[in-house]
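Peer 1: Below are the structure tokens for one structure; questions will follow.
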Amino acid sequence: MVREVDVSRLAEAVSQLFQEACHRLPPDVVSALASARDAEESEMARDILDMLLRNAEIAPVEQIPLCQDTGLAVVFVQLGQDVHLVGGNLVDAINEGVRRGYRDGYLRKSVVARPFTARENTGDNTPADVWVEIVPGDRVGLSVIPKGGGSENMSRLTVLTPAMGRSGIIDYVAGIVDEAGGNPCPPLVVGVGIGGTTEKAMMLAKKALLRPVGLPSSDPENAALEADLLERINGLGVGALGYGGTVTALAVHVESFPCHIASLPVAVNLQCHSARRGHIEI
């Protein structure tokens with residue numbers, strides 16, 4: 001049986017999700033930062049982690065953003081195949097939600113309309129980066145990430161030769177984190193997408209950031225790779241905000257997809273310590 005959902009409900013949900021995400025870190029992120037503080041061997045890095053944890057306490061109480069960079073609005077839609085959307089266009093409704101959320105939450109607008117010429121600010125943080133996946137059921141899931149520029153700028157993509165295999169992936173991902181240094185504001189959540197085509201790998205890397213921090217992949221091979229990557233990355237010595245230390249990443253999340261016999265696409269999407277996200281099901 002088909003269930004009708006008015007897109008006005010999605011607009012309101014998107015507005016609330018982005019405001020909440022920009023003001024309040026998810027509990028799993030706060031817990032991961034606290035664990036990192038306990039595990040960190042560098043005194044300077046521990047002091048920095050204390051400040052990050054204090055920031056996470058103050059922001060929701062004072063209703064001020066966790067970070068001045070409130071990001072480009074990334075929205076993943078899990079659209080049930082038994083849902084009939086009414087009342088307007090899906091993407092228009094999402095953009096209206098972003099517009100309201102960034103206005104009502106007094107969040108910084110960071111989107112420019114012409115990326116390589118005028119670079120004039122759109123004034124309302126639209127358009128959003130929207131990804132739609134058709135899933136079974138009669139519900140609509142909305143997952144949002146306010147993606148900051150500092151971490152996004154350090155994200156990378158390559159296509160390895162298949163012979164480079166698992167060890168080549170570890171070398172590549174660790175190299176990206178090492179090269180990034182303090183620019184993406186570590187300790188990081190490292191999203192890794194492997195397989196598919198190049199655009200599929202990039203989407204998987206960003207989607208990996210939606211997983212609760214440190215929750216292993218349900219795929220045993222992916223989970224084992226996550227553990228090895230985390231050990232390698234935390235051995236780099238980059239540390240909190242690049243000042244050195246034993247915790248450079250809070251977690252590594254790997255998502256994979258079958259690929260062509262001649263290809264091994266690998267994408268890395270870095271998320272800063274302020275790993276903001278939100279989710280609702282309607």
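Residue numbering restarts at 1 for every chain of the structure tokens, chains are lettered A, B, ... in their displayed order, and ligands are numbered from 1 as they appear.
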Using only C-alpha atoms, find each residue of region 159-218 of chain A with at least one atom at most 9 Å away from an atom of region 21-30 of chain A; report its shortest atom-to-atom pair and that distance in Å (one decimal), sort the rows by chain and rising residue number, and return the result as a Markdown table.
Peer 2:
```
| residue | atom | partner | partner_atom | distance |
| --- | --- | --- | --- | --- |
| A:Pro212 | CA | A:Asp28 | CA | 6.3 |
| A:Val213 | CA | A:Asp28 | CA | 6.0 |
| A:Gly214 | CA | A:Asp28 | CA | 8.3 |
```
Peer 1: Pull C-alpha atoms from the residues just selected and write them as a PDB file, in the first residue's frame.
Peer 2:
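Contents of again_19.pdb, freshly written:
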```pdb
ATOM      1  CA  PRO A 212      28.352   5.994  14.554  1.00  0.00           C
ATOM      2  CA  VAL A 213      31.995   6.735  15.288  1.00  0.00           C
ATOM      3  CA  GLY A 214      34.008   3.579  15.814  1.00  0.00           C
TER       4      GLY A 214
END
```
Peer 1: Would you kindly return, as an MDAnalysis selection string, each protein, DNA or RNA residue with an atom no farther than 9 Å from any atom of Ala251 (chain A), considering only C-alpha atoms and excluding same-chain residues fewer than 6 positions away?
Peer 2: chainID A and resid 32 187:191 213:215 226:227 230
Peer 1: Rank nothing, just name the residue among A:Ala180, A:Val86, A:Leu225, A:Val173 nearest to Gly242 (chain A), using only C-alpha atoms.
Peer 2: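 Smallest separation from Gly242 (chain A) among the options: A:Ala180.
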Peer 1: Identify, on the basis of only C-alpha atoms, every residue whose closest approach to Glu57 (chain A) does not exceed 10 Å; exclude the query and any residue fewer than 2 positions from it along the same chain; express the result as a ChimeraX atom specification.
Peer 2: /A:23-25,30,51-55,59-62,66
Peer 1: I need the residue nearest Leu85 (chain A) from this list: A:Ala240, A:Thr248, A:Arg9, A:Gly278. Use only C-alpha atoms for the distance.
Peer 2: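 Selected residue with least distance to Leu85 (chain A): A:Arg9.
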Peer 1: Output as number ranges by chain all residues of region 141-233 of chain A that backbone DSSP marks as alpha helix (DSSP H).
Peer 2: A: 149-152, 165-180, 198-207, 220-233
Peer 1: Selection from above, N, CA and C atoms, as a compact mmCIF listing (two decimals), in the first residue's frame, can you write it?
Peer 2:
```txt
# COMPACT_ATOMS: atom_id res chain seq x y z
N GLY A 149 34.62 23.01 5.00
CA GLY A 149 35.57 23.10 3.90
C GLY A 149 36.96 22.62 4.24
N GLY A 150 37.40 22.82 5.48
CA GLY A 150 38.76 22.43 5.84
C GLY A 150 39.01 20.95 5.69
N SER A 151 38.04 20.12 6.11
CA SER A 151 38.21 18.68 5.97
C SER A 151 37.91 18.23 4.55
N GLU A 152 36.89 18.83 3.93
CA GLU A 152 36.53 18.43 2.57
C GLU A 152 37.67 18.70 1.59
N GLY A 165 46.27 -3.93 -4.39
CA GLY A 165 45.49 -4.61 -3.39
C GLY A 165 45.35 -3.91 -2.05
N ARG A 166 45.19 -4.72 -1.01
CA ARG A 166 44.91 -4.23 0.34
C ARG A 166 46.05 -3.35 0.88
N SER A 167 47.28 -3.79 0.67
CA SER A 167 48.42 -3.02 1.18
C SER A 167 48.52 -1.67 0.47
N GLY A 168 48.17 -1.65 -0.81
CA GLY A 168 48.19 -0.39 -1.55
C GLY A 168 47.14 0.58 -1.03
N ILE A 169 45.99 0.06 -0.64
CA ILE A 169 44.94 0.89 -0.06
C ILE A 169 45.42 1.51 1.25
N ILE A 170 46.04 0.70 2.11
CA ILE A 170 46.53 1.21 3.39
C ILE A 170 47.58 2.29 3.18
N ASP A 171 48.51 2.06 2.26
CA ASP A 171 49.54 3.06 1.98
C ASP A 171 48.93 4.36 1.47
N TYR A 172 47.95 4.24 0.58
CA TYR A 172 47.34 5.43 -0.01
C TYR A 172 46.57 6.24 1.04
N VAL A 173 45.71 5.58 1.81
CA VAL A 173 44.89 6.29 2.79
C VAL A 173 45.76 6.94 3.86
N ALA A 174 46.74 6.20 4.37
CA ALA A 174 47.63 6.76 5.38
C ALA A 174 48.42 7.94 4.82
N GLY A 175 48.82 7.85 3.56
CA GLY A 175 49.55 8.94 2.92
C GLY A 175 48.71 10.20 2.81
N ILE A 176 47.42 10.04 2.53
CA ILE A 176 46.53 11.20 2.43
C ILE A 176 46.41 11.89 3.79
N VAL A 177 46.23 11.10 4.85
CA VAL A 177 46.11 11.68 6.19
C VAL A 177 47.41 12.37 6.59
N ASP A 178 48.53 11.75 6.27
CA ASP A 178 49.83 12.34 6.61
C ASP A 178 50.04 13.66 5.87
N GLU A 179 49.70 13.67 4.59
CA GLU A 179 49.83 14.88 3.78
C GLU A 179 48.92 15.99 4.28
N ALA A 180 47.74 15.62 4.75
CA ALA A 180 46.77 16.61 5.22
C ALA A 180 47.24 17.30 6.49
N THR A 198 34.48 5.71 -10.10
CA THR A 198 35.08 6.78 -9.29
C THR A 198 34.03 7.56 -8.50
N GLU A 199 32.89 7.88 -9.14
CA GLU A 199 31.88 8.66 -8.41
C GLU A 199 31.22 7.81 -7.32
N LYS A 200 31.09 6.51 -7.55
CA LYS A 200 30.54 5.62 -6.52
C LYS A 200 31.47 5.55 -5.32
N ALA A 201 32.75 5.46 -5.56
CA ALA A 201 33.72 5.39 -4.46
C ALA A 201 33.67 6.67 -3.62
N MET A 202 33.57 7.82 -4.28
CA MET A 202 33.51 9.08 -3.54
C MET A 202 32.24 9.18 -2.70
N MET A 203 31.12 8.73 -3.26
CA MET A 203 29.87 8.75 -2.51
C MET A 203 29.94 7.81 -1.30
N LEU A 204 30.53 6.63 -1.48
CA LEU A 204 30.66 5.68 -0.38
C LEU A 204 31.52 6.25 0.74
N ALA A 205 32.60 6.95 0.37
CA ALA A 205 33.49 7.53 1.38
C ALA A 205 32.75 8.54 2.24
N LYS A 206 31.90 9.35 1.62
CA LYS A 206 31.14 10.33 2.41
C LYS A 206 30.03 9.66 3.20
N LYS A 207 29.37 8.69 2.59
CA LYS A 207 28.30 7.98 3.30
C LYS A 207 28.84 7.26 4.53
N PRO A 220 33.20 -8.44 7.59
CA PRO A 220 34.44 -8.76 8.33
C PRO A 220 35.71 -8.25 7.65
N GLU A 221 35.78 -8.32 6.31
CA GLU A 221 36.98 -7.84 5.62
C GLU A 221 37.12 -6.33 5.75
N ASN A 222 36.00 -5.62 5.62
CA ASN A 222 36.04 -4.16 5.79
C ASN A 222 36.43 -3.80 7.22
N ALA A 223 35.87 -4.52 8.19
CA ALA A 223 36.17 -4.24 9.60
C ALA A 223 37.65 -4.45 9.91
N ALA A 224 38.23 -5.51 9.35
CA ALA A 224 39.65 -5.78 9.57
C ALA A 224 40.51 -4.69 8.94
N LEU A 225 40.10 -4.22 7.76
CA LEU A 225 40.83 -3.14 7.10
C LEU A 225 40.73 -1.85 7.92
N GLU A 226 39.55 -1.58 8.46
CA GLU A 226 39.38 -0.40 9.30
C GLU A 226 40.36 -0.41 10.48
N ALA A 227 40.48 -1.57 11.13
CA ALA A 227 41.37 -1.67 12.29
C ALA A 227 42.83 -1.44 11.90
N ASP A 228 43.24 -2.02 10.78
CA ASP A 228 44.62 -1.86 10.34
C ASP A 228 44.91 -0.42 9.91
N LEU A 229 43.94 0.20 9.24
CA LEU A 229 44.11 1.60 8.84
C LEU A 229 44.19 2.51 10.05
N LEU A 230 43.35 2.27 11.05
CA LEU A 230 43.37 3.12 12.24
C LEU A 230 44.72 3.03 12.96
N GLU A 231 45.25 1.82 13.06
CA GLU A 231 46.55 1.64 13.70
C GLU A 231 47.64 2.37 12.93
N ARG A 232 47.62 2.24 11.61
CA ARG A 232 48.62 2.90 10.78
C ARG A 232 48.51 4.43 10.89
N ILE A 233 47.29 4.94 10.83
CA ILE A 233 47.08 6.39 10.87
C ILE A 233 47.48 6.96 12.22
```
Peer 1: For Ile134 (chain A), work out the shell of residues within 10 Å, counting only C-alpha atoms and skipping chain neighbours fewer than 2 positions away, then give it as a VMD selection string.
Peer 2: chain A and resid 77 to 83 132 136 to 137 140
Peer 1: Using the selection just defined, write its residues with N, CA and C atoms as a short mmCIF file (atom, residue, chain, number, x, y, z; two decimals), in the first residue's frame.
Peer 2:
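Once everything was written out, this is part-v3.cif:
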```
data_model
loop_
_atom_site.label_atom_id
_atom_site.label_comp_id
_atom_site.auth_asym_id
_atom_site.auth_seq_id
_atom_site.Cartn_x
_atom_site.Cartn_y
_atom_site.Cartn_z
N VAL A 77 19.02 10.85 1.22
CA VAL A 77 17.60 10.50 1.34
C VAL A 77 17.44 9.01 1.09
N GLN A 78 16.86 8.32 2.07
CA GLN A 78 16.50 6.92 1.88
C GLN A 78 14.99 6.89 1.63
N LEU A 79 14.61 6.81 0.36
CA LEU A 79 13.22 6.96 -0.05
C LEU A 79 12.57 5.59 -0.23
N GLY A 80 11.59 5.29 0.61
CA GLY A 80 10.88 4.02 0.49
C GLY A 80 10.13 3.92 -0.82
N GLN A 81 10.19 2.75 -1.43
CA GLN A 81 9.56 2.59 -2.74
C GLN A 81 8.03 2.64 -2.67
N ASP A 82 7.48 2.52 -1.46
CA ASP A 82 6.03 2.60 -1.29
C ASP A 82 5.58 3.97 -0.80
N VAL A 83 6.44 4.97 -0.95
CA VAL A 83 6.11 6.34 -0.58
C VAL A 83 5.73 7.12 -1.83
N VAL A 132 19.90 10.49 -3.39
CA VAL A 132 18.65 9.75 -3.15
C VAL A 132 18.88 8.27 -3.43
N PRO A 136 13.40 -0.41 0.27
CA PRO A 136 12.09 -1.01 0.55
C PRO A 136 11.34 -0.23 1.64
N GLY A 137 10.01 -0.35 1.62
CA GLY A 137 9.20 0.21 2.70
C GLY A 137 8.47 1.47 2.34
N VAL A 140 10.54 7.55 4.83
CA VAL A 140 11.58 8.38 4.25
C VAL A 140 12.62 8.66 5.33
#
```
Peer 1: With only C-alpha atoms as the atoms that count, which of A:Leu160, A:Ala45, A:Leu90, A:Cys67 lies nearest to Val5 (chain A)?
Peer 2: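 For Val5 (chain A), the nearest of the given residues is A:Leu90.
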